[in-house]
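Colleague: Handing over upload_28.json, JSON, C-alpha atoms and all ligand atoms.
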```
[["chain", "number", "residue", "atom", "x", "y", "z"],
["A", 36, "MET", "CA", -89.76, 105.70, 58.90],
["A", 37, "SER", "CA", -86.90, 103.51, 57.66],
["A", 38, "ARG", "CA", -86.24, 99.94, 58.62],
["A", 39, "GLU", "CA", -83.67, 99.59, 61.39],
["A", 40, "LEU", "CA", -81.96, 96.51, 62.76],
["A", 41, "ILE", "CA", -83.18, 96.03, 66.34],
["A", 42, "TYR", "CA", -81.61, 92.69, 67.14],
["A", 43, "SER", "CA", -79.49, 90.06, 65.42],
["A", 44, "GLY", "CA", -80.10, 86.54, 66.70],
["A", 45, "LYS", "CA", -78.66, 83.17, 65.78],
["A", 46, "ALA", "CA", -81.37, 82.26, 63.27],
["A", 47, "LYS", "CA", -83.18, 85.58, 62.67],
["A", 48, "ASP", "CA", -82.57, 89.31, 62.38],
["A", 49, "ILE", "CA", -85.26, 91.61, 63.73],
["A", 50, "TYR", "CA", -86.01, 94.99, 62.14],
["A", 51, "SER", "CA", -88.39, 97.78, 63.03],
["A", 52, "SER", "CA", -91.38, 97.93, 60.68],
["A", 53, "GLU", "CA", -91.91, 100.85, 58.32],
["A", 54, "GLU", "CA", -95.69, 100.62, 58.65],
["A", 55, "ASP", "CA", -96.32, 100.51, 62.41],
["A", 56, "GLU", "CA", -94.24, 101.09, 65.53],
["A", 57, "ASN", "CA", -95.98, 98.15, 67.21],
["A", 58, "LEU", "CA", -94.81, 95.73, 64.51],
["A", 59, "ILE", "CA", -91.44, 94.22, 63.62],
["A", 60, "VAL", "CA", -90.04, 92.37, 60.61],
["A", 61, "SER", "CA", -88.34, 89.03, 61.30],
["A", 62, "VAL", "CA", -85.83, 87.95, 58.67],
["A", 63, "TYR", "CA", -84.99, 84.26, 58.70],
["A", 64, "LYS", "CA", -81.32, 83.50, 58.10],
["A", 65, "ASP", "CA", -79.42, 80.49, 56.74],
["A", 66, "GLN", "CA", -77.31, 80.08, 59.86],
["A", 67, "ALA", "CA", -77.45, 76.90, 61.95],
["A", 68, "THR", "CA", -75.88, 76.80, 65.40],
["A", 69, "MET", "CA", -75.61, 74.28, 68.21],
["A", 70, "LEU", "CA", -74.06, 74.13, 71.69],
["A", 71, "ASN", "CA", -75.04, 77.76, 72.26],
["A", 72, "GLY", "CA", -73.29, 78.90, 69.08],
["A", 73, "ALA", "CA", -70.07, 76.89, 69.56],
["A", 74, "ARG", "CA", -70.74, 75.17, 66.21],
["A", 75, "LYS", "CA", -71.98, 77.46, 63.49],
["A", 76, "GLU", "CA", -72.65, 76.78, 59.79],
["A", 77, "THR", "CA", -74.42, 78.39, 56.89],
["A", 78, "ILE", "CA", -77.03, 76.10, 55.37],
["A", 79, "GLU", "CA", -78.30, 77.61, 52.16],
["A", 80, "GLY", "CA", -82.09, 77.63, 51.93],
["A", 81, "LYS", "CA", -82.78, 76.98, 55.63],
["A", 82, "GLY", "CA", -84.13, 80.49, 56.28],
["A", 83, "VAL", "CA", -86.68, 80.29, 53.47],
["A", 84, "LEU", "CA", -87.88, 76.87, 54.62],
["A", 85, "ASN", "CA", -88.20, 77.84, 58.30],
["A", 86, "ASN", "CA", -90.02, 81.06, 57.44],
["A", 87, "GLN", "CA", -92.54, 79.10, 55.37],
["A", 88, "ILE", "CA", -92.95, 76.34, 57.96],
["A", 89, "SER", "CA", -93.29, 78.75, 60.88],
["A", 90, "SER", "CA", -95.69, 81.03, 58.95],
["A", 91, "LEU", "CA", -97.90, 78.07, 58.09],
["A", 92, "ILE", "CA", -98.00, 76.84, 61.70],
["A", 93, "PHE", "CA", -98.58, 80.30, 63.20],
["A", 94, "GLU", "CA", -101.39, 81.00, 60.71],
["A", 95, "LYS", "CA", -103.08, 77.82, 61.86],
["A", 96, "LEU", "CA", -102.52, 78.68, 65.53],
["A", 97, "ASN", "CA", -104.03, 82.14, 65.00],
["A", 98, "ALA", "CA", -107.01, 80.55, 63.25],
["A", 99, "ALA", "CA", -107.41, 78.15, 66.19],
["A", 100, "GLY", "CA", -107.67, 81.12, 68.56],
["A", 101, "VAL", "CA", -104.17, 81.06, 70.04],
["A", 102, "ALA", "CA", -102.85, 84.57, 70.69],
["A", 103, "THR", "CA", -99.58, 84.89, 68.73],
["A", 104, "HIS", "CA", -97.28, 87.62, 67.39],
["A", 105, "PHE", "CA", -97.78, 86.47, 63.79],
["A", 106, "VAL", "CA", -99.34, 89.02, 61.43],
["A", 107, "ARG", "CA", -98.42, 87.80, 57.94],
["A", 108, "GLN", "CA", -95.64, 86.45, 55.76],
["A", 109, "LEU", "CA", -94.00, 89.24, 53.77],
["A", 110, "SER", "CA", -91.57, 87.38, 51.50],
["A", 111, "ASP", "CA", -89.59, 84.15, 51.26],
["A", 112, "THR", "CA", -87.44, 85.08, 54.23],
["A", 113, "GLU", "CA", -89.50, 87.76, 56.01],
["A", 114, "GLN", "CA", -92.56, 87.90, 58.21],
["A", 115, "LEU", "CA", -94.40, 90.68, 59.97],
["A", 116, "ASN", "CA", -94.83, 90.19, 63.70],
["A", 117, "LYS", "CA", -96.25, 92.11, 66.63],
["A", 118, "LYS", "CA", -93.53, 93.70, 68.71],
["A", 119, "VAL", "CA", -93.21, 92.06, 72.13],
["A", 120, "ASP", "CA", -90.87, 92.06, 75.09],
["A", 121, "ILE", "CA", -89.59, 88.52, 75.02],
["A", 122, "ILE", "CA", -89.92, 86.69, 78.34],
["A", 123, "PRO", "CA", -86.45, 85.19, 78.85],
["A", 124, "LEU", "CA", -87.65, 81.60, 79.06],
["A", 125, "GLU", "CA", -87.26, 78.68, 76.71],
["A", 126, "VAL", "CA", -90.46, 76.76, 77.31],
["A", 127, "VAL", "CA", -89.90, 73.15, 76.31],
["A", 128, "LEU", "CA", -92.69, 70.60, 76.01],
["A", 129, "ARG", "CA", -91.85, 66.91, 75.80],
["A", 130, "ASN", "CA", -94.18, 64.21, 74.47],
["A", 131, "VAL", "CA", -91.44, 61.59, 74.05],
["A", 132, "VAL", "CA", -88.04, 61.19, 75.72],
["A", 133, "ALA", "CA", -85.21, 62.64, 73.58],
["A", 134, "GLY", "CA", -82.15, 64.88, 73.63],
["A", 135, "SER", "CA", -81.07, 66.43, 76.91],
["A", 136, "PHE", "CA", -83.94, 64.78, 78.82],
["A", 137, "ALA", "CA", -82.70, 61.30, 77.82],
["A", 138, "LYS", "CA", -79.18, 62.26, 78.87],
["A", 139, "ARG", "CA", -80.13, 63.96, 82.15],
["A", 140, "PHE", "CA", -82.23, 61.07, 83.42],
["A", 141, "GLY", "CA", -80.38, 58.20, 81.74],
["A", 142, "ILE", "CA", -83.45, 57.07, 79.80],
["A", 143, "GLU", "CA", -83.45, 55.85, 76.21],
["A", 144, "GLU", "CA", -84.83, 58.11, 73.51],
["A", 145, "GLY", "CA", -88.26, 57.12, 72.25],
["A", 146, "LEU", "CA", -90.07, 56.38, 75.51],
["A", 147, "PRO", "CA", -93.52, 58.07, 75.38],
["A", 148, "ILE", "CA", -94.26, 60.56, 78.19],
["A", 149, "GLU", "CA", -97.90, 59.95, 79.07],
["A", 150, "LYS", "CA", -98.47, 63.33, 80.70],
["A", 151, "PRO", "CA", -96.44, 65.71, 78.53],
["A", 152, "ILE", "CA", -93.80, 67.56, 80.57],
["A", 153, "VAL", "CA", -93.29, 71.32, 80.41],
["A", 154, "GLU", "CA", -89.79, 72.56, 81.32],
["A", 155, "PHE", "CA", -88.29, 76.03, 81.67],
["A", 156, "TYR", "CA", -84.78, 77.11, 80.74],
["A", 157, "TYR", "CA", -83.57, 80.60, 81.63],
["A", 158, "LYS", "CA", -82.58, 82.31, 78.37],
["A", 159, "LYS", "CA", -79.16, 83.68, 79.24],
["A", 160, "ASP", "CA", -76.34, 82.83, 76.85],
["A", 161, "GLU", "CA", -73.56, 83.60, 79.31],
["A", 162, "LEU", "CA", -75.04, 81.01, 81.73],
["A", 163, "ASP", "CA", -75.73, 78.48, 78.93],
["A", 164, "ASP", "CA", -79.52, 78.67, 79.43],
["A", 165, "PRO", "CA", -79.81, 76.80, 82.77],
["A", 166, "PHE", "CA", -82.72, 74.47, 83.58],
["A", 167, "ILE", "CA", -84.98, 76.21, 86.15],
["A", 168, "ASN", "CA", -88.31, 75.53, 87.83],
["A", 169, "ASP", "CA", -91.44, 77.63, 88.41],
["A", 170, "GLU", "CA", -90.18, 78.94, 91.74],
["A", 171, "HIS", "CA", -86.92, 80.15, 90.18],
["A", 172, "VAL", "CA", -88.96, 81.88, 87.46],
["A", 173, "ALA", "CA", -90.98, 83.74, 90.10],
["A", 174, "PHE", "CA", -87.94, 84.47, 92.31],
["A", 175, "LEU", "CA", -85.96, 85.90, 89.37],
["A", 176, "GLY", "CA", -88.92, 88.14, 88.56],
["A", 177, "ILE", "CA", -89.26, 86.66, 85.06],
["A", 178, "ALA", "CA", -93.00, 86.05, 85.42],
["A", 179, "THR", "CA", -95.64, 86.00, 88.15],
["A", 180, "ASP", "CA", -97.19, 82.76, 89.39],
["A", 181, "GLU", "CA", -100.31, 83.60, 87.42],
["A", 182, "GLU", "CA", -98.33, 84.24, 84.25],
["A", 183, "ILE", "CA", -96.39, 81.00, 84.72],
["A", 184, "ALA", "CA", -99.66, 79.08, 85.01],
["A", 185, "TYR", "CA", -100.94, 80.77, 81.84],
["A", 186, "ILE", "CA", -97.75, 80.01, 79.88],
["A", 187, "LYS", "CA", -97.90, 76.35, 80.90],
["A", 188, "ALA", "CA", -101.59, 76.03, 80.04],
["A", 189, "GLU", "CA", -101.07, 77.71, 76.65],
["A", 190, "THR", "CA", -98.09, 75.45, 75.93],
["A", 191, "ARG", "CA", -100.23, 72.37, 76.63],
["A", 192, "ARG", "CA", -103.13, 73.69, 74.56],
["A", 193, "ILE", "CA", -100.77, 74.42, 71.65],
["A", 194, "ASN", "CA", -99.40, 70.89, 72.06],
["A", 195, "GLU", "CA", -102.82, 69.31, 71.51],
["A", 196, "LEU", "CA", -103.20, 71.28, 68.25],
["A", 197, "LEU", "CA", -99.67, 70.66, 66.97],
["A", 198, "LYS", "CA", -99.65, 66.96, 67.86],
["A", 199, "GLU", "CA", -102.85, 66.47, 65.88],
["A", 200, "TRP", "CA", -101.63, 68.46, 62.82],
["A", 201, "PHE", "CA", -98.32, 66.62, 62.66],
["A", 202, "ALA", "CA", -100.04, 63.26, 63.16],
["A", 203, "GLN", "CA", -102.29, 64.07, 60.19],
["A", 204, "VAL", "CA", -99.21, 64.32, 57.96],
["A", 205, "GLY", "CA", -97.44, 61.26, 59.38],
["A", 206, "LEU", "CA", -95.02, 62.99, 61.74],
["A", 207, "GLN", "CA", -94.67, 62.47, 65.47],
["A", 208, "LEU", "CA", -94.14, 65.59, 67.57],
["A", 209, "ILE", "CA", -91.46, 64.51, 70.04],
["A", 210, "ASP", "CA", -90.60, 67.81, 71.75],
["A", 211, "TYR", "CA", -90.29, 71.51, 71.02],
["A", 212, "LYS", "CA", -89.32, 74.89, 72.40],
["A", 213, "LEU", "CA", -91.58, 77.94, 72.54],
["A", 214, "GLU", "CA", -90.99, 81.54, 73.53],
["A", 215, "PHE", "CA", -93.60, 83.97, 74.78],
["A", 216, "GLY", "CA", -93.58, 87.76, 74.98],
["A", 217, "ARG", "CA", -95.61, 90.63, 76.38],
["A", 218, "ASP", "CA", -97.32, 92.87, 73.82],
["A", 219, "LYS", "CA", -97.87, 96.63, 74.18],
["A", 220, "ASP", "CA", -100.79, 96.00, 76.56],
["A", 221, "GLY", "CA", -98.79, 93.55, 78.67],
["A", 222, "LYS", "CA", -100.71, 90.56, 77.32],
["A", 223, "ILE", "CA", -98.67, 87.37, 77.00],
["A", 224, "ILE", "CA", -98.65, 86.01, 73.45],
["A", 225, "LEU", "CA", -96.76, 83.27, 71.63],
["A", 226, "ALA", "CA", -93.71, 84.71, 69.84],
["A", 227, "ASP", "CA", -90.52, 83.51, 68.12],
["A", 228, "GLU", "CA", -90.98, 80.61, 65.68],
["A", 229, "PHE", "CA", -92.08, 77.02, 65.33],
["A", 230, "SER", "CA", -89.85, 75.09, 62.95],
["A", 231, "PRO", "CA", -87.75, 71.91, 62.81],
["A", 232, "ASP", "CA", -84.94, 74.10, 64.23],
["A", 233, "ASN", "CA", -86.67, 74.12, 67.60],
["A", 234, "SER", "CA", -88.71, 70.94, 67.57],
["A", 235, "ARG", "CA", -88.14, 67.24, 67.10],
["A", 236, "LEU", "CA", -90.22, 65.48, 64.47],
["A", 237, "TRP", "CA", -89.91, 61.78, 63.71],
["A", 238, "ASP", "CA", -91.47, 60.08, 60.71],
["A", 239, "ALA", "CA", -93.21, 56.67, 60.86],
["A", 240, "GLN", "CA", -89.84, 54.92, 60.45],
["A", 241, "GLY", "CA", -88.32, 56.95, 63.30],
["A", 242, "ASN", "CA", -86.20, 59.10, 60.97],
["A", 243, "HIS", "CA", -85.20, 62.50, 62.37],
["A", 244, "MET", "CA", -86.95, 65.22, 60.36],
["A", 245, "ASP", "CA", -85.49, 68.13, 62.31],
["A", 246, "LYS", "CA", -82.31, 69.87, 63.42],
["A", 247, "ASP", "CA", -80.93, 66.61, 64.84],
["A", 248, "VAL", "CA", -79.90, 65.96, 61.21],
["A", 249, "PHE", "CA", -77.42, 68.84, 61.69],
["A", 250, "ARG", "CA", -76.59, 68.13, 65.34],
["A", 251, "ARG", "CA", -75.90, 64.44, 64.63],
["A", 252, "ASN", "CA", -74.56, 64.74, 61.04],
["A", 253, "LEU", "CA", -77.30, 62.56, 59.57],
["A", 254, "GLY", "CA", -77.45, 64.08, 56.07],
["A", 255, "SER", "CA", -78.93, 67.11, 54.30],
["A", 256, "LEU", "CA", -80.88, 69.35, 56.65],
["A", 257, "THR", "CA", -82.69, 71.22, 53.89],
["A", 258, "ASP", "CA", -83.76, 67.95, 52.22],
["A", 259, "VAL", "CA", -85.66, 66.92, 55.37],
["A", 260, "TYR", "CA", -87.03, 70.44, 56.06],
["A", 261, "LYS", "CA", -88.40, 70.42, 52.48],
["A", 262, "VAL", "CA", -90.22, 67.16, 53.21],
["A", 263, "VAL", "CA", -91.68, 68.64, 56.42],
["A", 264, "LEU", "CA", -92.90, 71.73, 54.54],
["A", 265, "GLU", "CA", -94.46, 69.67, 51.71],
["A", 266, "LYS", "CA", -96.24, 67.48, 54.26],
["A", 267, "LEU", "CA", -97.58, 70.50, 56.18],
["A", 268, "LYS", "CA", -98.93, 71.99, 52.94],
["A", 269, "GLU", "CA", -101.28, 68.97, 52.78],
["A", 270, "LEU", "CA", -103.08, 70.20, 55.90],
["B", 301, "LIG", "N1", -84.37, 73.61, 71.78],
["B", 301, "LIG", "C1", -84.29, 74.85, 71.15],
["B", 301, "LIG", "N2", -83.32, 75.73, 71.55],
["B", 301, "LIG", "C2", -82.45, 75.44, 72.55],
["B", 301, "LIG", "C3", -82.52, 74.18, 73.19],
["B", 301, "LIG", "C4", -83.51, 73.28, 72.78],
["B", 301, "LIG", "O1", -85.08, 75.15, 70.25],
["B", 301, "LIG", "O2", -81.60, 76.28, 72.86],
["B", 301, "LIG", "C5", -85.42, 72.65, 71.36],
["B", 301, "LIG", "C6", -84.84, 71.42, 70.68],
["B", 301, "LIG", "O3", -84.80, 71.59, 69.28],
["B", 301, "LIG", "C7", -85.80, 70.32, 71.08],
["B", 301, "LIG", "C8", -86.35, 70.79, 72.43],
["B", 301, "LIG", "O4", -86.07, 72.17, 72.52],
["B", 301, "LIG", "O5", -86.89, 70.26, 70.17],
["B", 301, "LIG", "C9", -85.70, 70.07, 73.59],
["B", 301, "LIG", "O6", -84.30, 70.19, 73.47],
["B", 301, "LIG", "P1", -83.32, 69.43, 74.50],
["B", 301, "LIG", "O7", -83.48, 70.02, 75.85],
["B", 301, "LIG", "O8", -83.52, 67.97, 74.39],
["B", 301, "LIG", "O9", -81.87, 69.87, 74.08],
["B", 301, "LIG", "P2", -80.91, 69.38, 72.92],
["B", 301, "LIG", "O10", -80.81, 67.90, 73.01],
["B", 301, "LIG", "O11", -81.56, 69.86, 71.66],
["B", 301, "LIG", "O12", -79.63, 70.09, 73.23]]
```
Represent the structure contained in this file as structure tokens.

Modeller:
Amino acid sequence: MSRELIYSGKAKDIYSSEEDENLIVSVYKDQATMLNGARKETIEGKGVLNNQISSLIFEKLNAAGVATHFVRQLSDTEQLNKKVDIIPLEVVLRNVVAGSFAKRFGIEEGLPIEKPIVEFYYKKDELDDPFINDEHVAFLGIATDEEIAYIKAETRRINELLKEWFAQVGLQLIDYKLEFGRDKDGKIILADEFSPDNSRLWDAQGNHMDKDVFRRNLGSLTDVYKVVLEKLKEL
């Protein structure tokens, strides 16, 4: 069986695996995009850093008993994952006001959110990933009420773990985006990645240690991703 390109995304290419039809190989790329791809740049070294960061986090999530697609890291840029049907939802959890939430509600960035908020966005590029609620998710047939409840509970459980890990290395977990998928048995598991590309991490001085460095032109993205990786290695 040879490796075939299944899907080419903004930050990763997905290939079939040579060893098992239920596995895929995710290859992390150096591309950075924002505004749904309207701004696109190559940032040398980003793929290697995100693969390492995401592999480290997913290994820890697996060890903590969270069901994920992560099998193992294969190389600097590649990891082996379980094949899933991605549920077309961007599941965002917010611990602190930032980004689009600050804009939408006219609140300053940095305000803590006592009960973390879970939001859904419908993953559909041509609609610019609209903000939707649980009832839209059920109406659109994306997930059942039971599945929605499970996804939200898992997202909150993952938050407790991640918040603690990042706090241990001096970083505050502001918000992040997760994606879930259904495996071959229909079980919902955590998929995609966890990296500073899809989370916000602030250091003790409030410096942005994430993709906002690219979005807001604050300096070298890879320099801050390297710091995040080195910190996480201390765990
Ligand atoms: N996010 C993401 N992909 C998206 C949109 C958001 O990974 O297409 C992440 C983003 O990095 C942040 C969180 O989700 O950690 C919340 O993003 P927000 O809604 O504030 O949007 P943004 O301000 O990033 O456009």

Colleague: What is the distance, in Å and to one decimal place, between atom CA of Ile41 of chain A and atom CA of Glu54 of chain A?

Modeller: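 Between these atoms lies a distance of 15.4 Å.
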
Colleague: So the first atom is atom CA of Asn97 of chain A and the second is atom CA of Ile224 of chain A; what is the distance between them in Å, to one decimal place?

Modeller: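 These atoms are spaced 10.7 Å apart.
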
Colleague: In the coordinates of the file, take the point (-85.7, 60.6, 60.2) and a cut-off of 12 Å; then, counting all atoms listed in the file, name each qualifying protein, DNA or RNA residue as a PyMOL selection string.

Modeller: chain A and resi 205-207+231+235-249+251-256+258-260+262-263

Colleague: Report the distance between atom CA of Asn71 of chain A and atom CA of Phe229 of chain A in Å, rounded to one decimal place.

Modeller: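 A separation of 18.4 Å between them.
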
Colleague: Fewer than 3 positions away in the same chain doesn't count, so skip those; otherwise give me all residues within 12 Å of Phe136 of chain A, counting all atoms listed in the file, as a ChimeraX atom specification.

Modeller: /A:127-133,139-146,148,152-154,166,209-210

Colleague: Please return the centre and edge lengths, in Å to one decimal, of a box with edges along x, y and z that contains all listed atoms of ligand LIG 301 (chain B), widened by 4 Å on every side, as JSON.

Modeller:
```
{"center_x": -83.3, "center_y": 72.1, "center_z": 72.6, "size_x": 15.3, "size_y": 16.4, "size_z": 14.6}
```

Colleague: Counting only C-alpha atoms, which of A:Ala188, A:Ala178, A:Ile92, A:Leu225 gets nearest to Gln108 of chain A?

Modeller: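 Selected residue with least distance to Gln108 of chain A: A:Ile92.
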
Colleague: So, with only C-alpha atoms as the atoms that count, which of A:Gln203, A:Asn233, A:Thr257, A:Asn86 lies closest to Ser61 of chain A?

Modeller: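 Closest to Ser61 of chain A of all the choices is A:Asn86.
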
Colleague: Would you mind telling me which residue in A:Thr68, A:Ser43, A:Thr179, A:Asn85 lies nearest to ligand LIG 301 (chain B) when using all atoms listed in the file?

Modeller: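 Checking each of A:Thr68, A:Ser43, A:Thr179, A:Asn85 against ligand LIG 301 (chain B), counting all atoms listed in the file, the winner is A:Thr68.
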
Colleague: Is it possible to get the residues within 12 Å of (-80.2, 90.1, 66.1) (coordinates as in the file, counting all atoms listed in the file) written as a PyMOL selection string?

Modeller: chain A and resi 39-51+60-64

Colleague: Write the selection just made, keeping C-alpha atoms, as a compact mmCIF listing (two decimals), in the coordinates of the input?

Modeller:
```
# COMPACT_ATOMS: atom_id res chain seq x y z
CA GLU A 39 -83.67 99.59 61.39
CA LEU A 40 -81.96 96.51 62.76
CA ILE A 41 -83.18 96.03 66.34
CA TYR A 42 -81.61 92.69 67.14
CA SER A 43 -79.49 90.06 65.42
CA GLY A 44 -80.10 86.54 66.70
CA LYS A 45 -78.66 83.17 65.78
CA ALA A 46 -81.37 82.26 63.27
CA LYS A 47 -83.18 85.58 62.67
CA ASP A 48 -82.57 89.31 62.38
CA ILE A 49 -85.26 91.61 63.73
CA TYR A 50 -86.01 94.99 62.14
CA SER A 51 -88.39 97.78 63.03
CA VAL A 60 -90.04 92.37 60.61
CA SER A 61 -88.34 89.03 61.30
CA VAL A 62 -85.83 87.95 58.67
CA TYR A 63 -84.99 84.26 58.70
CA LYS A 64 -81.32 83.50 58.10
```

Colleague: I'd like to know which of A:Ser135, A:Gln87, A:Asn168, A:Asn194 is closest to ligand LIG 301 (chain B), using all atoms listed in the file.

Modeller: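 Nearest to ligand LIG 301 (chain B): A:Ser135.
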
Colleague: Since the input is missing atoms for segment 189-197 of chain A, could you rebuild it with all heavy atoms and give the result as a PDB file, in the coordinates of the input?

Modeller:
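What landed in out00.pdb:
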```
ATOM      1  N   GLU A 189    -101.112  77.420  78.085  1.00  0.00           N
ATOM      2  CA  GLU A 189    -101.070  77.710  76.650  1.00  0.00           C
ATOM      3  C   GLU A 189    -100.166  76.702  75.914  1.00  0.00           C
ATOM      4  O   GLU A 189    -100.496  76.228  74.828  1.00  0.00           O
ATOM      5  CB  GLU A 189    -100.522  79.125  76.389  1.00  0.00           C
ATOM      6  CG  GLU A 189    -101.546  80.220  76.496  1.00  0.00           C
ATOM      7  CD  GLU A 189    -102.670  80.089  75.471  1.00  0.00           C
ATOM      8  OE1 GLU A 189    -102.552  80.623  74.363  1.00  0.00           O
ATOM      9  OE2 GLU A 189    -103.692  79.425  75.808  1.00  0.00           O
ATOM     10  N   THR A 190     -99.030  76.394  76.541  1.00  0.00           N
ATOM     11  CA  THR A 190     -98.090  75.450  75.930  1.00  0.00           C
ATOM     12  C   THR A 190     -98.738  74.080  75.746  1.00  0.00           C
ATOM     13  O   THR A 190     -98.555  73.417  74.725  1.00  0.00           O
ATOM     14  CB  THR A 190     -96.807  75.360  76.793  1.00  0.00           C
ATOM     15  OG1 THR A 190     -96.232  76.672  76.857  1.00  0.00           O
ATOM     16  CG2 THR A 190     -95.796  74.396  76.220  1.00  0.00           C
ATOM     17  N   ARG A 191     -99.536  73.666  76.730  1.00  0.00           N
ATOM     18  CA  ARG A 191    -100.230  72.370  76.630  1.00  0.00           C
ATOM     19  C   ARG A 191    -101.356  72.422  75.594  1.00  0.00           C
ATOM     20  O   ARG A 191    -101.583  71.460  74.861  1.00  0.00           O
ATOM     21  CB  ARG A 191    -100.804  71.958  77.999  1.00  0.00           C
ATOM     22  CG  ARG A 191     -99.732  71.622  79.000  1.00  0.00           C
ATOM     23  CD  ARG A 191    -100.320  71.082  80.313  1.00  0.00           C
ATOM     24  NE  ARG A 191     -99.285  70.965  81.313  1.00  0.00           N
ATOM     25  CZ  ARG A 191     -98.378  69.983  81.337  1.00  0.00           C
ATOM     26  NH1 ARG A 191     -98.416  69.025  80.431  1.00  0.00           N
ATOM     27  NH2 ARG A 191     -97.448  69.956  82.278  1.00  0.00           N
ATOM     28  N   ARG A 192    -102.049  73.558  75.539  1.00  0.00           N
ATOM     29  CA  ARG A 192    -103.130  73.690  74.560  1.00  0.00           C
ATOM     30  C   ARG A 192    -102.546  73.679  73.133  1.00  0.00           C
ATOM     31  O   ARG A 192    -103.065  72.998  72.241  1.00  0.00           O
ATOM     32  CB  ARG A 192    -103.865  75.018  74.792  1.00  0.00           C
ATOM     33  CG  ARG A 192    -105.026  75.270  73.858  1.00  0.00           C
ATOM     34  CD  ARG A 192    -105.947  76.322  74.446  1.00  0.00           C
ATOM     35  NE  ARG A 192    -105.493  77.677  74.225  1.00  0.00           N
ATOM     36  CZ  ARG A 192    -105.955  78.471  73.268  1.00  0.00           C
ATOM     37  NH1 ARG A 192    -106.877  78.024  72.444  1.00  0.00           N
ATOM     38  NH2 ARG A 192    -105.520  79.702  73.152  1.00  0.00           N
ATOM     39  N   ILE A 193    -101.458  74.394  72.951  1.00  0.00           N
ATOM     40  CA  ILE A 193    -100.770  74.420  71.650  1.00  0.00           C
ATOM     41  C   ILE A 193    -100.309  73.000  71.286  1.00  0.00           C
ATOM     42  O   ILE A 193    -100.392  72.575  70.139  1.00  0.00           O
ATOM     43  CB  ILE A 193     -99.586  75.423  71.704  1.00  0.00           C
ATOM     44  CG1 ILE A 193    -100.118  76.855  71.811  1.00  0.00           C
ATOM     45  CG2 ILE A 193     -98.645  75.251  70.512  1.00  0.00           C
ATOM     46  CD1 ILE A 193     -99.078  77.899  72.229  1.00  0.00           C
ATOM     47  N   ASN A 194     -99.868  72.259  72.307  1.00  0.00           N
ATOM     48  CA  ASN A 194     -99.400  70.890  72.060  1.00  0.00           C
ATOM     49  C   ASN A 194    -100.505  70.013  71.477  1.00  0.00           C
ATOM     50  O   ASN A 194    -100.259  69.226  70.565  1.00  0.00           O
ATOM     51  CB  ASN A 194     -98.893  70.279  73.371  1.00  0.00           C
ATOM     52  CG  ASN A 194     -98.200  68.949  73.157  1.00  0.00           C
ATOM     53  OD1 ASN A 194     -97.356  68.825  72.269  1.00  0.00           O
ATOM     54  ND2 ASN A 194     -98.563  67.946  73.935  1.00  0.00           N
ATOM     55  N   GLU A 195    -101.702  70.133  72.014  1.00  0.00           N
ATOM     56  CA  GLU A 195    -102.820  69.310  71.510  1.00  0.00           C
ATOM     57  C   GLU A 195    -103.057  69.618  70.030  1.00  0.00           C
ATOM     58  O   GLU A 195    -103.290  68.709  69.238  1.00  0.00           O
ATOM     59  CB  GLU A 195    -104.089  69.546  72.329  1.00  0.00           C
ATOM     60  CG  GLU A 195    -103.996  69.037  73.769  1.00  0.00           C
ATOM     61  CD  GLU A 195    -103.475  67.601  73.857  1.00  0.00           C
ATOM     62  OE1 GLU A 195    -104.009  66.722  73.156  1.00  0.00           O
ATOM     63  OE2 GLU A 195    -102.496  67.375  74.611  1.00  0.00           O
ATOM     64  N   LEU A 196    -103.001  70.891  69.652  1.00  0.00           N
ATOM     65  CA  LEU A 196    -103.200  71.280  68.250  1.00  0.00           C
ATOM     66  C   LEU A 196    -102.067  70.757  67.372  1.00  0.00           C
ATOM     67  O   LEU A 196    -102.297  70.104  66.352  1.00  0.00           O
ATOM     68  CB  LEU A 196    -103.282  72.813  68.138  1.00  0.00           C
ATOM     69  CG  LEU A 196    -104.475  73.484  68.829  1.00  0.00           C
ATOM     70  CD1 LEU A 196    -104.231  74.996  68.976  1.00  0.00           C
ATOM     71  CD2 LEU A 196    -105.766  73.243  68.032  1.00  0.00           C
ATOM     72  N   LEU A 197    -100.827  71.035  67.790  1.00  0.00           N
ATOM     73  CA  LEU A 197     -99.670  70.660  66.970  1.00  0.00           C
ATOM     74  C   LEU A 197     -99.553  69.155  66.804  1.00  0.00           C
ATOM     75  O   LEU A 197     -99.296  68.651  65.711  1.00  0.00           O
ATOM     76  CB  LEU A 197     -98.380  71.192  67.623  1.00  0.00           C
ATOM     77  CG  LEU A 197     -98.187  72.709  67.680  1.00  0.00           C
ATOM     78  CD1 LEU A 197     -96.893  73.038  68.425  1.00  0.00           C
ATOM     79  CD2 LEU A 197     -98.127  73.300  66.279  1.00  0.00           C
TER      80      LEU A 197
END
```
